[in-house]
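For reference, coords_31.tsv is printed below; it contains TSV, C-alpha atoms.
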chain	number	residue	atom	x	y	z
K	1	MET	CA	-62.41	32.68	-95.87
K	2	THR	CA	-60.19	31.59	-98.77
K	3	PRO	CA	-56.50	30.98	-97.97
K	4	THR	CA	-54.17	33.48	-99.56
K	5	THR	CA	-51.44	32.18	-101.87
K	6	PRO	CA	-49.30	35.23	-102.70
K	7	THR	CA	-46.64	35.21	-105.39
K	8	THR	CA	-44.51	37.98	-103.90
K	9	PRO	CA	-45.01	38.02	-100.12
K	10	THR	CA	-43.68	40.99	-98.20
K	11	PRO	CA	-41.13	39.94	-95.57
K	12	GLN	CA	-42.03	41.03	-92.04
K	13	LYS	CA	-39.52	42.81	-89.86
K	14	PRO	CA	-38.34	40.41	-87.10
K	15	LEU	CA	-39.04	41.39	-83.53
K	16	PRO	CA	-36.18	41.76	-81.01
K	17	THR	CA	-34.54	38.48	-79.96
K	18	VAL	CA	-32.87	37.25	-76.82
K	19	THR	CA	-30.26	34.61	-76.14
K	20	SER	CA	-31.80	31.28	-75.09
K	21	SER	CA	-30.42	28.79	-72.60
K	22	THR	CA	-28.97	26.87	-75.55
K	23	SER	CA	-26.82	29.90	-76.53
K	24	LEU	CA	-28.81	30.28	-79.73
K	25	ARG	CA	-31.18	33.13	-80.44
K	26	TRP	CA	-34.91	32.89	-81.06
K	27	THR	CA	-36.14	35.16	-83.85
K	28	LEU	CA	-39.83	36.08	-83.77
K	29	ILE	CA	-41.56	36.94	-87.05
K	30	PRO	CA	-45.15	38.26	-87.10
K	31	LEU	CA	-47.61	36.27	-89.20
K	32	PRO	CA	-50.45	38.67	-89.97
K	33	ASP	CA	-51.47	36.31	-92.80
K	34	ALA	CA	-50.29	33.20	-94.62
K	35	ALA	CA	-48.16	35.35	-96.93
K	36	ALA	CA	-45.76	36.15	-94.10
K	37	PHE	CA	-45.02	32.46	-93.63
K	38	ALA	CA	-44.11	31.83	-97.27
K	39	PRO	CA	-40.53	33.25	-97.22
K	40	HIS	CA	-39.67	30.83	-94.39
K	41	ALA	CA	-41.48	27.76	-95.72
K	42	ALA	CA	-38.36	26.14	-97.21
K	43	ALA	CA	-36.38	26.46	-93.97
K	44	TRP	CA	-39.36	25.15	-91.97
K	45	ASP	CA	-39.81	22.17	-94.30
K	46	ALA	CA	-36.12	21.25	-94.23
K	47	LEU	CA	-36.18	21.17	-90.43
K	48	GLN	CA	-39.50	19.29	-90.40
K	49	ALA	CA	-38.16	16.59	-92.72
K	50	ARG	CA	-35.15	16.13	-90.46
K	51	VAL	CA	-36.90	15.98	-87.07
K	52	ALA	CA	-40.41	14.65	-87.72
K	53	GLY	CA	-41.27	13.62	-91.27
K	54	LEU	CA	-44.98	14.26	-90.73
K	55	PRO	CA	-47.05	15.63	-93.61
K	56	PHE	CA	-49.32	17.78	-91.46
K	57	LEU	CA	-46.34	19.69	-90.08
K	58	GLU	CA	-45.23	20.76	-93.55
K	59	SER	CA	-45.80	24.23	-94.92
K	60	ALA	CA	-48.24	22.80	-97.49
K	61	PHE	CA	-50.53	21.98	-94.55
K	62	LEU	CA	-49.75	24.90	-92.25
K	63	ALA	CA	-49.97	27.74	-94.81
K	64	PRO	CA	-53.63	27.12	-95.73
K	65	LEU	CA	-54.35	26.45	-92.06
K	66	LEU	CA	-52.98	29.89	-91.18
K	67	GLY	CA	-54.87	31.41	-94.10
K	68	VAL	CA	-58.23	30.07	-92.94
K	69	PHE	CA	-57.93	29.72	-89.15
K	70	GLY	CA	-55.15	32.15	-88.25
K	71	THR	CA	-56.06	35.26	-86.28
K	72	GLY	CA	-53.17	37.39	-87.52
K	73	ARG	CA	-51.64	37.36	-84.03
K	74	GLU	CA	-49.50	34.28	-84.66
K	75	ARG	CA	-45.71	34.50	-84.72
K	76	LEU	CA	-43.15	32.27	-86.32
K	77	ALA	CA	-40.30	31.45	-83.93
K	78	LEU	CA	-36.97	30.25	-85.34
K	79	LEU	CA	-34.05	29.21	-83.15
K	80	GLY	CA	-30.59	29.94	-84.51
K	81	ASP	CA	-30.00	30.74	-88.17
K	82	PRO	CA	-33.44	31.59	-89.65
K	83	LYS	CA	-32.36	29.98	-92.93
K	84	ALA	CA	-31.40	26.72	-91.19
K	85	PRO	CA	-33.04	26.80	-87.74
K	86	HIS	CA	-32.21	24.42	-84.92
K	87	ALA	CA	-35.85	24.45	-83.75
K	88	ALA	CA	-39.02	26.24	-84.81
K	89	ALA	CA	-42.60	26.88	-83.76
K	90	ILE	CA	-45.70	28.88	-84.57
K	91	VAL	CA	-47.09	30.45	-81.42
K	92	THR	CA	-50.10	32.59	-80.61
K	93	PRO	CA	-51.44	34.49	-77.57
K	94	ALA	CA	-53.75	32.39	-75.41
K	95	GLY	CA	-55.21	34.56	-72.69
K	96	THR	CA	-53.63	37.05	-70.33
K	97	ALA	CA	-49.83	36.80	-70.33
K	98	GLN	CA	-49.94	33.33	-71.92
K	99	TRP	CA	-48.85	31.93	-75.28
K	100	THR	CA	-49.35	28.55	-76.88
K	101	THR	CA	-48.37	26.68	-80.01
K	102	PHE	CA	-50.70	27.17	-82.97
K	103	GLN	CA	-53.33	24.44	-82.63
K	104	PRO	CA	-56.51	24.55	-84.70
K	105	SER	CA	-58.54	21.35	-84.34
K	106	GLN	CA	-57.55	20.28	-87.88
K	107	LEU	CA	-53.87	20.03	-86.84
K	108	PRO	CA	-53.06	16.69	-85.12
K	109	LEU	CA	-49.99	17.99	-83.24
K	110	GLY	CA	-48.92	21.43	-82.11
K	111	ALA	CA	-46.85	23.53	-84.52
K	112	TRP	CA	-43.51	22.79	-82.89
K	113	LEU	CA	-40.32	21.37	-84.43
K	114	SER	CA	-37.24	20.19	-82.56
K	115	ALA	CA	-35.03	17.13	-82.72
K	116	GLY	CA	-36.51	13.99	-81.24
K	117	GLY	CA	-35.21	13.30	-77.77
K	118	GLU	CA	-33.90	16.84	-77.25
K	119	ALA	CA	-35.17	18.25	-73.96
K	120	LEU	CA	-38.13	20.53	-74.57
K	121	GLU	CA	-37.92	22.62	-71.40
K	122	PRO	CA	-34.67	24.50	-72.23
K	123	LEU	CA	-35.93	25.24	-75.75
K	124	ALA	CA	-39.31	26.41	-74.42
K	125	ASP	CA	-37.56	28.51	-71.76
K	126	GLY	CA	-35.59	30.40	-74.39
K	127	LEU	CA	-38.72	30.98	-76.46
K	128	LEU	CA	-40.76	32.10	-73.46
K	129	ARG	CA	-38.13	34.70	-72.59
K	130	ALA	CA	-38.04	35.91	-76.18
K	131	LEU	CA	-41.81	36.50	-76.28
K	132	PRO	CA	-43.15	40.00	-75.64
K	133	LEU	CA	-43.76	40.91	-72.02
K	134	PRO	CA	-45.75	40.10	-70.06
K	135	ALA	CA	-45.34	36.44	-71.09
K	136	LEU	CA	-45.73	34.32	-67.98
K	137	ALA	CA	-46.46	30.91	-69.52
K	138	LEU	CA	-45.93	29.00	-72.76
K	139	GLY	CA	-48.07	25.99	-73.62
K	140	LEU	CA	-46.80	23.28	-75.95
K	141	THR	CA	-49.88	21.49	-77.19
K	142	GLN	CA	-50.37	17.92	-78.40
K	143	ILE	CA	-46.79	16.65	-78.17
K	144	ASP	CA	-46.16	13.19	-79.61
K	145	SER	CA	-44.27	11.02	-77.11
K	146	LEU	CA	-42.78	9.13	-80.07
K	147	PHE	CA	-40.52	12.14	-80.66
K	148	HIS	CA	-40.50	13.75	-77.21
K	149	PRO	CA	-40.99	11.38	-74.26
K	150	ARG	CA	-42.77	13.15	-71.44
K	151	ALA	CA	-40.37	14.68	-68.91
K	152	ALA	CA	-40.97	14.74	-65.18
K	153	ASP	CA	-42.78	17.75	-63.75
K	154	ASN	CA	-40.89	20.36	-61.77
K	155	THR	CA	-41.66	23.73	-60.24
K	156	ARG	CA	-41.94	25.43	-63.65
K	157	TRP	CA	-42.73	22.60	-66.06
K	158	ARG	CA	-46.06	20.74	-66.05
K	159	GLY	CA	-47.12	17.89	-68.31
K	160	GLN	CA	-50.82	17.17	-68.89
K	161	ASP	CA	-52.46	14.05	-70.27
K	162	TYR	CA	-54.25	14.52	-73.59
K	163	ILE	CA	-54.95	11.33	-75.57
K	164	ASP	CA	-53.44	8.06	-76.72
K	165	THR	CA	-53.03	7.65	-80.47
K	166	ALA	CA	-52.79	4.39	-82.44
K	167	TRP	CA	-50.80	3.21	-85.45
K	168	VAL	CA	-50.27	0.14	-87.63
K	169	ASP	CA	-46.84	-0.95	-88.85
K	170	LEU	CA	-46.90	-2.43	-92.35
K	171	THR	CA	-44.60	-5.35	-91.62
K	172	GLY	CA	-45.11	-8.81	-93.05
K	173	ASP	CA	-48.02	-9.79	-95.28
K	174	PHE	CA	-51.66	-8.83	-94.91
K	175	GLU	CA	-52.84	-12.40	-94.35
K	176	THR	CA	-50.65	-12.74	-91.27
K	177	TYR	CA	-51.78	-9.35	-89.97
K	178	TRP	CA	-55.42	-10.19	-90.61
K	179	GLU	CA	-55.19	-13.46	-88.69
K	180	THR	CA	-54.03	-11.50	-85.62
K	181	ARG	CA	-57.15	-9.36	-85.67
K	182	GLY	CA	-60.00	-10.31	-83.40
K	183	LYS	CA	-62.24	-13.16	-84.44
K	184	ASN	CA	-65.30	-10.92	-84.04
K	185	LEU	CA	-63.97	-8.39	-86.56
K	186	ARG	CA	-63.18	-11.03	-89.16
K	187	THR	CA	-66.47	-12.88	-88.66
K	188	ASN	CA	-68.59	-9.72	-88.70
K	189	LEU	CA	-67.02	-8.45	-91.92
K	190	LYS	CA	-67.68	-11.79	-93.61
K	191	LYS	CA	-71.32	-11.54	-92.53
K	192	GLN	CA	-71.65	-7.95	-93.77
K	193	GLN	CA	-70.08	-8.79	-97.12
K	194	LYS	CA	-72.38	-11.80	-97.48
K	195	LYS	CA	-75.42	-9.56	-96.85
K	196	LEU	CA	-74.28	-7.21	-99.58
K	197	ASP	CA	-73.56	-10.04	-102.00
K	198	THR	CA	-76.98	-11.57	-101.34
K	199	ALA	CA	-78.63	-8.21	-102.03
K	200	GLY	CA	-76.67	-7.93	-105.28
K	201	THR	CA	-74.78	-4.83	-104.09
K	202	VAL	CA	-71.53	-4.31	-105.97
K	203	THR	CA	-68.77	-2.93	-103.73
K	204	ARG	CA	-65.47	-1.40	-104.76
K	205	LEU	CA	-62.66	0.75	-103.37
K	206	GLU	CA	-61.18	3.66	-105.32
K	207	CYS	CA	-58.17	5.78	-104.43
K	208	LEU	CA	-58.16	9.30	-105.88
K	209	THR	CA	-54.84	11.13	-106.13
K	210	ARG	CA	-55.12	13.97	-108.68
K	211	PRO	CA	-55.62	17.66	-107.84
K	212	GLU	CA	-58.78	17.74	-109.98
K	213	ASP	CA	-60.21	14.90	-107.87
K	214	VAL	CA	-60.14	16.94	-104.66
K	215	ALA	CA	-63.14	19.27	-105.05
K	216	PRO	CA	-65.66	16.60	-106.14
K	217	ALA	CA	-64.31	14.20	-103.51
K	218	LEU	CA	-64.83	16.81	-100.79
K	219	THR	CA	-68.40	17.26	-101.98
K	220	ASP	CA	-68.94	13.52	-101.52
K	221	TYR	CA	-67.20	13.64	-98.15
K	222	GLY	CA	-69.35	16.52	-96.97
K	223	ARG	CA	-72.49	14.62	-97.92
K	224	LEU	CA	-71.34	11.67	-95.80
K	225	GLU	CA	-70.57	13.92	-92.83
K	226	ALA	CA	-73.93	15.65	-93.19
K	227	SER	CA	-75.71	12.29	-92.83
K	228	GLY	CA	-74.61	12.14	-89.18
K	229	TRP	CA	-74.43	14.46	-86.19
K	230	LYS	CA	-72.16	16.96	-87.97
K	231	GLY	CA	-75.00	17.66	-90.37
K	232	SER	CA	-77.38	18.57	-87.56
K	233	GLU	CA	-74.73	20.76	-85.90
K	234	GLY	CA	-73.77	22.48	-89.16
K	235	THR	CA	-70.12	21.47	-88.93
K	236	ALA	CA	-69.99	19.14	-91.93
K	237	ILE	CA	-67.54	20.05	-94.70
K	238	ALA	CA	-69.35	21.92	-97.47
K	239	PRO	CA	-68.47	24.61	-100.05
K	240	GLY	CA	-68.39	27.98	-98.31
K	241	HIS	CA	-67.52	26.47	-94.94
K	242	PRO	CA	-64.05	27.45	-93.64
K	243	GLN	CA	-63.11	23.79	-93.24
K	244	TYR	CA	-63.90	23.14	-96.89
K	245	GLU	CA	-61.67	26.03	-97.96
K	246	PHE	CA	-58.80	24.68	-95.86
K	247	TYR	CA	-59.11	21.04	-96.88
K	248	ARG	CA	-59.46	21.89	-100.54
K	249	ALA	CA	-56.36	24.12	-100.60
K	250	MET	CA	-54.31	21.70	-98.51
K	251	LEU	CA	-55.32	18.49	-100.32
K	252	GLU	CA	-54.80	20.04	-103.73
K	253	ALA	CA	-51.29	21.08	-102.68
K	254	PHE	CA	-50.48	17.54	-101.54
K	255	ALA	CA	-52.07	16.10	-104.69
K	256	ARG	CA	-49.80	18.26	-106.86
K	257	ALA	CA	-46.88	16.65	-105.02
K	258	GLY	CA	-48.35	13.16	-105.52
K	259	ARG	CA	-48.91	12.66	-101.79
K	260	VAL	CA	-52.67	12.59	-101.28
K	261	ARG	CA	-54.96	9.55	-101.15
K	262	LEU	CA	-58.71	10.02	-101.06
K	263	TYR	CA	-60.21	6.59	-100.50
K	264	GLN	CA	-63.81	6.11	-101.61
K	265	TYR	CA	-65.83	2.98	-100.89
K	266	TRP	CA	-68.82	2.40	-103.17
K	267	PHE	CA	-72.09	0.51	-102.97
K	268	ASP	CA	-73.09	0.27	-106.63
K	269	ASP	CA	-73.04	3.88	-107.87
K	270	ALA	CA	-73.01	5.60	-104.45
K	271	VAL	CA	-70.05	6.56	-102.25
K	272	VAL	CA	-70.80	5.25	-98.74
K	273	ALA	CA	-67.48	5.74	-96.91
K	274	MET	CA	-64.32	7.84	-97.31
K	275	ASP	CA	-60.89	8.41	-95.79
K	276	LEU	CA	-58.90	11.60	-96.42
K	277	CYS	CA	-55.19	10.74	-96.23
K	278	ILE	CA	-51.85	12.43	-96.83
K	279	GLU	CA	-48.41	10.87	-96.81
K	280	SER	CA	-44.79	11.74	-96.19
K	281	GLY	CA	-41.83	9.43	-96.49
K	282	GLY	CA	-42.75	6.17	-94.83
K	283	LYS	CA	-45.98	7.34	-93.20
K	284	ILE	CA	-49.58	7.76	-94.31
K	285	VAL	CA	-51.88	9.73	-92.00
K	286	ILE	CA	-55.64	9.20	-91.97
K	287	LEU	CA	-56.88	12.74	-91.33
K	288	LYS	CA	-60.63	12.22	-91.50
K	289	THR	CA	-63.14	9.40	-91.93
K	290	ALA	CA	-66.84	9.55	-92.77
K	291	TYR	CA	-69.55	7.11	-93.79
K	292	ASP	CA	-73.21	7.20	-94.77
K	293	GLU	CA	-75.35	6.74	-91.66
K	294	ALA	CA	-78.05	5.15	-93.80
K	295	HIS	CA	-75.76	2.13	-94.26
K	296	LYS	CA	-74.40	1.98	-90.73
K	297	ALA	CA	-75.79	-1.53	-90.18
K	298	VAL	CA	-73.36	-3.02	-92.71
K	299	SER	CA	-70.26	-1.13	-91.47
K	300	PRO	CA	-69.12	0.50	-94.74
K	301	SER	CA	-66.12	2.26	-93.22
K	302	THR	CA	-64.86	-1.00	-91.71
K	303	LEU	CA	-65.28	-2.84	-95.01
K	304	MET	CA	-63.42	0.03	-96.70
K	305	ARG	CA	-60.57	-0.15	-94.24
K	306	GLN	CA	-60.07	-3.87	-94.73
K	307	LEU	CA	-59.44	-3.34	-98.46
K	308	GLN	CA	-57.43	-0.19	-97.85
K	309	PHE	CA	-55.12	-1.90	-95.37
K	310	GLN	CA	-54.74	-4.90	-97.66
K	311	GLN	CA	-53.60	-2.62	-100.47
K	312	LEU	CA	-51.15	-0.82	-98.19
K	313	PHE	CA	-49.70	-4.08	-96.82
K	314	ASP	CA	-49.34	-5.50	-100.34
K	315	ALA	CA	-47.62	-2.34	-101.57
K	316	ALA	CA	-45.19	-2.38	-98.63
K	317	ALA	CA	-44.41	-6.07	-99.22
K	318	ALA	CA	-43.64	-5.21	-102.85
K	319	GLY	CA	-41.09	-2.61	-101.74
K	320	GLY	CA	-43.30	0.48	-101.56
K	321	PRO	CA	-42.20	3.39	-99.38
K	322	ILE	CA	-45.10	3.53	-96.89
K	323	ARG	CA	-44.31	1.55	-93.76
K	324	ARG	CA	-46.70	2.93	-91.16
K	325	ILE	CA	-50.35	3.99	-90.94
K	326	GLU	CA	-50.93	6.75	-88.38
K	327	PHE	CA	-54.38	7.58	-87.00
K	328	TYR	CA	-53.42	10.64	-84.90
K	329	GLY	CA	-56.68	10.80	-83.01
K	330	LYS	CA	-58.02	9.63	-79.68
K	331	VAL	CA	-57.98	5.85	-79.48
K	332	MET	CA	-61.54	4.63	-79.81
K	333	GLU	CA	-62.93	1.12	-79.54
K	334	TRP	CA	-62.85	0.72	-83.32
K	335	HIS	CA	-59.13	1.52	-83.40
K	336	THR	CA	-58.42	-1.44	-81.14
K	337	ARG	CA	-59.92	-3.77	-83.75
K	338	TRP	CA	-57.08	-2.83	-86.09
K	339	THR	CA	-54.12	-2.51	-83.74
K	340	ALA	CA	-52.96	-3.03	-80.19
K	341	GLU	CA	-50.36	-0.27	-80.51
K	342	ALA	CA	-50.90	3.10	-78.82
K	343	ARG	CA	-48.77	5.87	-77.37
K	344	PRO	CA	-49.46	9.07	-75.39
K	345	VAL	CA	-49.90	12.53	-76.83
K	346	TYR	CA	-49.65	15.17	-74.13
K	347	HIS	CA	-49.62	18.89	-73.40
K	348	ALA	CA	-46.91	20.72	-71.47
K	349	THR	CA	-46.75	24.16	-69.90
K	350	LEU	CA	-43.64	26.10	-68.95
K	351	TYR	CA	-44.04	28.97	-66.46
K	352	ARG	CA	-41.66	31.90	-66.43
K	353	TRP	CA	-41.21	31.76	-62.66
K	354	ARG	CA	-41.93	29.00	-60.19
K	355	TRP	CA	-44.49	31.09	-58.27
K	356	VAL	CA	-46.72	31.53	-61.36
K	357	PRO	CA	-48.42	28.08	-61.21
K	358	ALA	CA	-49.00	28.48	-57.47
K	359	LEU	CA	-50.67	31.86	-58.06
K	360	LYS	CA	-52.73	30.35	-60.86
K	361	ARG	CA	-53.98	27.55	-58.59
K	362	LEU	CA	-54.84	30.07	-55.89
K	363	LEU	CA	-56.84	32.20	-58.31
K	364	ARG	CA	-58.68	29.16	-59.63
K	365	ARG	CA	-59.52	28.04	-56.09
K	366	GLY	CA	-60.93	31.46	-55.32
K	367	GLU	CA	-63.11	31.36	-58.41
K	368	ALA	CA	-64.33	27.82	-57.73
K	369	GLU	CA	-65.31	28.19	-54.06
K	370	PRO	CA	-68.44	30.37	-54.54
K	371	ALA	CA	-69.76	28.00	-57.19
K	372	ALA	CA	-69.10	24.99	-54.99
K	373	LYS	CA	-71.49	26.33	-52.35
K	374	THR	CA	-74.47	26.04	-54.67
K	375	GLU	CA	-73.54	23.44	-57.27
K	376	GLU	CA	-70.69	21.02	-57.69
K	377	ALA	CA	-68.75	21.67	-60.88
K	378	PRO	CA	-68.33	18.70	-63.25
K	379	ALA	CA	-64.98	16.97	-63.23
K	380	LYS	CA	-62.60	17.96	-66.01
K	381	THR	CA	-61.30	15.17	-68.18
K	382	GLU	CA	-58.66	17.21	-69.98
K	383	GLU	CA	-56.92	20.40	-69.01
K	384	ALA	CA	-55.72	22.64	-71.79
K	385	PRO	CA	-52.24	24.03	-71.33
K	386	ALA	CA	-51.80	27.61	-70.34
As structure tokens - that is how I would like this structure written.
Amino acid sequence: MTPTTPTTPTPQKPLPTVTSSTSLRWTLIPLPDAAAFAPHAAAWDALQARVAGLPFLESAFLAPLLGVFGTGRERLALLGDPKAPHAAAIVTPAGTAQWTTFQPSQLPLGAWLSAGGEALEPLADGLLRALPLPALALGLTQIDSLFHPRAADNTRWRGQDYIDTAWVDLTGDFETYWETRGKNLRTNLKKQQKKLDTAGTVTRLECLTRPEDVAPALTDYGRLEASGWKGSEGTAIAPGHPQYEFYRAMLEAFARAGRVRLYQYWFDDAVVAMDLCIESGGKIVILKTAYDEAHKAVSPSTLMRQLQFQQLFDAAAAGGPIRRIEFYGKVMEWHTRWTAEARPVYHATLYRWRWVPALKRLLRRGEAEPAAKTEEAPAKTEEAPA
């Protein structure tokens, strides 16, 4: 499905509001399509710049995401003056009597905006009570502890582990940073580069930034994804695939603003690794990485990242604006080769009344007992918020 980009969106009539525990009012606005979000994009972006400064929480990312992956049941929630909200979220129904923040897999954090350090529970409580009845629970998904340290659980509020995410601060020079990396990483990359040099393979790194670069770059990226398991599962980015439609619309929007970087690493005349990145203020976010499985033995994505990081460190040392590289994905072994820094990302659930989680546990226990008599259910590693 192609994201809609209307020129004259029709404002939606706000739903009834209630007074929150912060004495401000939550206004709920239906989002039947991306067009309904457009009149509020400027207010959303102003708040986002003030409280987060993350490119994937901007309207340029969220509007095409709603256009492709929205169900039409989403609602925009604005706390206080809708033209200058104190907090904001995009929420959607998630089962019987439950709501959750908008969270397609392409979005690294849940669609929630509030000032860093401000307690989430009172804000969530006001929003939960403003949602249409029966709303018994509100899930806040993928919360970054950098902005909102995890609060202690209580009878209505439950935090749930999700992942740790890694980052690299661009402080000092690259040579100093590189010397702090593991000896194995540095030695292995020297060996891989020597193999390529011996074979006469010419390597180079390119960084594409123009809107007209996006479509051909995504074609290259899709080919790299298709060389691995995503190709066999049919989930690789390709024209006609919903993910392609989203990434093309979103990356072209960021390219028009001069804030996209599509890194391509070449062996001779073939692209063998790519990073899709967007930036905002002092941060660059690596959204997706792919490499050609046929060249896995020589670690093309790792060779690419060495040059990429060197460029970013050098630019920062010369006074450039980018000061941090964010991965925003589950810390894997390969992340630890590049950084020792990691922090939690977590889910949280607020229940309308304290007896709701107890009833939920009781119902789950009743459902699990018959199955336990015949076969033990596998342990869950992550629990999604209600």
Write out as a ChimeraX atom specification each polymer residue whose atoms come within 9 Å of region 313-322 of chain K, counting all atoms listed in the file; drop sequence neighbours fewer than 2 positions from it. /K:170-174,177,279-284,308-311,324-325
Distance query Lys288 (chain K) at most 8 Å, only C-alpha atoms, self and fewer than 5 positions along chain excluded, as a PDB file with C-alpha atoms, keeping the file's coordinate frame:
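New file around_7.pdb:
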ATOM      1  CA  ASP K 275     -60.890   8.410 -95.790  1.00  0.00           C
ATOM      2  CA  LEU K 276     -58.900  11.600 -96.420  1.00  0.00           C
ATOM      3  CA  CYS K 277     -55.190  10.740 -96.230  1.00  0.00           C
TER       4      CYS K 277
END
Considering only C-alpha atoms, can you say which of K:Tyr244, K:Ala60, K:His295, K:Leu138 comes closest to Thr96 (chain K)?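 Checking each of K:Tyr244, K:Ala60, K:His295, K:Leu138 against Thr96 (chain K), counting only C-alpha atoms, the winner is K:Leu138.
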Kindly assemble as JSON lines a list of the region 246-364 of chain K residues that lie within 12 Å of region 114-136 of chain K, each paired with its nearest atom pair and their distance in Å to one decimal, using all atoms listed in the file, sorted first by chain and then by ascending residue number.
{"residue": "K:His347", "atom": "CA", "partner": "K:Leu120", "partner_atom": "CA", "distance": 11.7}
{"residue": "K:Ala348", "atom": "CA", "partner": "K:Glu121", "partner_atom": "CA", "distance": 9.2}
{"residue": "K:Thr349", "atom": "CA", "partner": "K:Ala124", "partner_atom": "CA", "distance": 9.0}
{"residue": "K:Leu350", "atom": "CA", "partner": "K:Ala124", "partner_atom": "CA", "distance": 7.0}
{"residue": "K:Tyr351", "atom": "CA", "partner": "K:Leu136", "partner_atom": "CA", "distance": 5.8}
{"residue": "K:Arg352", "atom": "CA", "partner": "K:Leu136", "partner_atom": "CA", "distance": 5.0}
{"residue": "K:Trp353", "atom": "CA", "partner": "K:Leu136", "partner_atom": "CA", "distance": 7.4}
{"residue": "K:Arg354", "atom": "CA", "partner": "K:Leu136", "partner_atom": "CA", "distance": 10.2}
{"residue": "K:Trp355", "atom": "CA", "partner": "K:Leu136", "partner_atom": "CA", "distance": 10.3}
{"residue": "K:Val356", "atom": "CA", "partner": "K:Leu136", "partner_atom": "CA", "distance": 7.3}
{"residue": "K:Pro357", "atom": "CA", "partner": "K:Leu136", "partner_atom": "CA", "distance": 9.6}
{"residue": "K:Leu359", "atom": "CA", "partner": "K:Leu136", "partner_atom": "CA", "distance": 11.4}
{"residue": "K:Lys360", "atom": "CA", "partner": "K:Leu136", "partner_atom": "CA", "distance": 10.7}
Among the residues K:Ala226, K:Ala77, K:Leu62, K:Ala166, the one that comes closest to Trp334 (chain K) [using all atoms listed in the file]: K:Ala166
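Atom pair CA of Arg25 (chain K) / CA of Gly80 (chain K) has a distance of 5.2 Å (rounded to one decimal).
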Rounded to one decimal in Å, what is the spacing between CA of Glu326 (chain K) and CA of Val168 (chain K)?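 That distance, rounded to one decimal, is 6.7 Å.
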I'd like the neighbourhood of Tyr291 (chain K) as a short mmCIF file (atom, residue, chain, number, x, y, z; two decimals) with C-alpha atoms, in the coordinates of the input, where a residue qualifies if any of its atoms comes within 7 Å (using only C-alpha atoms), though same-chain residues fewer than 2 positions away should be ignored.
data_model
loop_
_atom_site.label_atom_id
_atom_site.label_comp_id
_atom_site.auth_asym_id
_atom_site.auth_seq_id
_atom_site.Cartn_x
_atom_site.Cartn_y
_atom_site.Cartn_z
CA LEU K 224 -71.34 11.67 -95.80
CA GLU K 225 -70.57 13.92 -92.83
CA VAL K 272 -70.80 5.25 -98.74
CA ALA K 273 -67.48 5.74 -96.91
CA MET K 274 -64.32 7.84 -97.31
CA GLU K 293 -75.35 6.74 -91.66
CA PRO K 300 -69.12 0.50 -94.74
CA SER K 301 -66.12 2.26 -93.22
#
Could you check the closest approach to Ala297 (chain K) for each of K:Gln142, K:Gln48, K:Thr209, K:Gln193 and tell me which residue wins, using only C-alpha atoms?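 Smallest distance to Ala297 (chain K) is found for K:Gln193.
Closest approach to Thr27 (chain K) among K:Leu66, K:Leu79, K:Ala87, K:Ala52: K:Leu79, based on only C-alpha atoms.
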Can you tell me how far CA of Ala111 (chain K) sits from CA of Gly329 (chain K), in Å to one decimal?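 CA of Ala111 (chain K) sits 16.2 Å away from CA of Gly329 (chain K).
For the set K:Gly110, K:Gly95, K:Pro216, K:Gly159, the residue with the smallest atom-to-atom gap to Gln264 (chain K) is K:Pro216, counting all atoms listed in the file.
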Quick one: residues within 7 Å of Trp112 (chain K), all atoms listed in the file counted, chain neighbours fewer than 3 positions away excluded, as a list in words? Ala88, Ala89, Ile90 and Thr101 of chain K
For Ala236 (chain K): contacts at 12 Å, all atoms listed in the file, fewer than 6 positions along chain excluded, given as a PyMOL selection string: chain K and resi 218-230+242-244+288-290
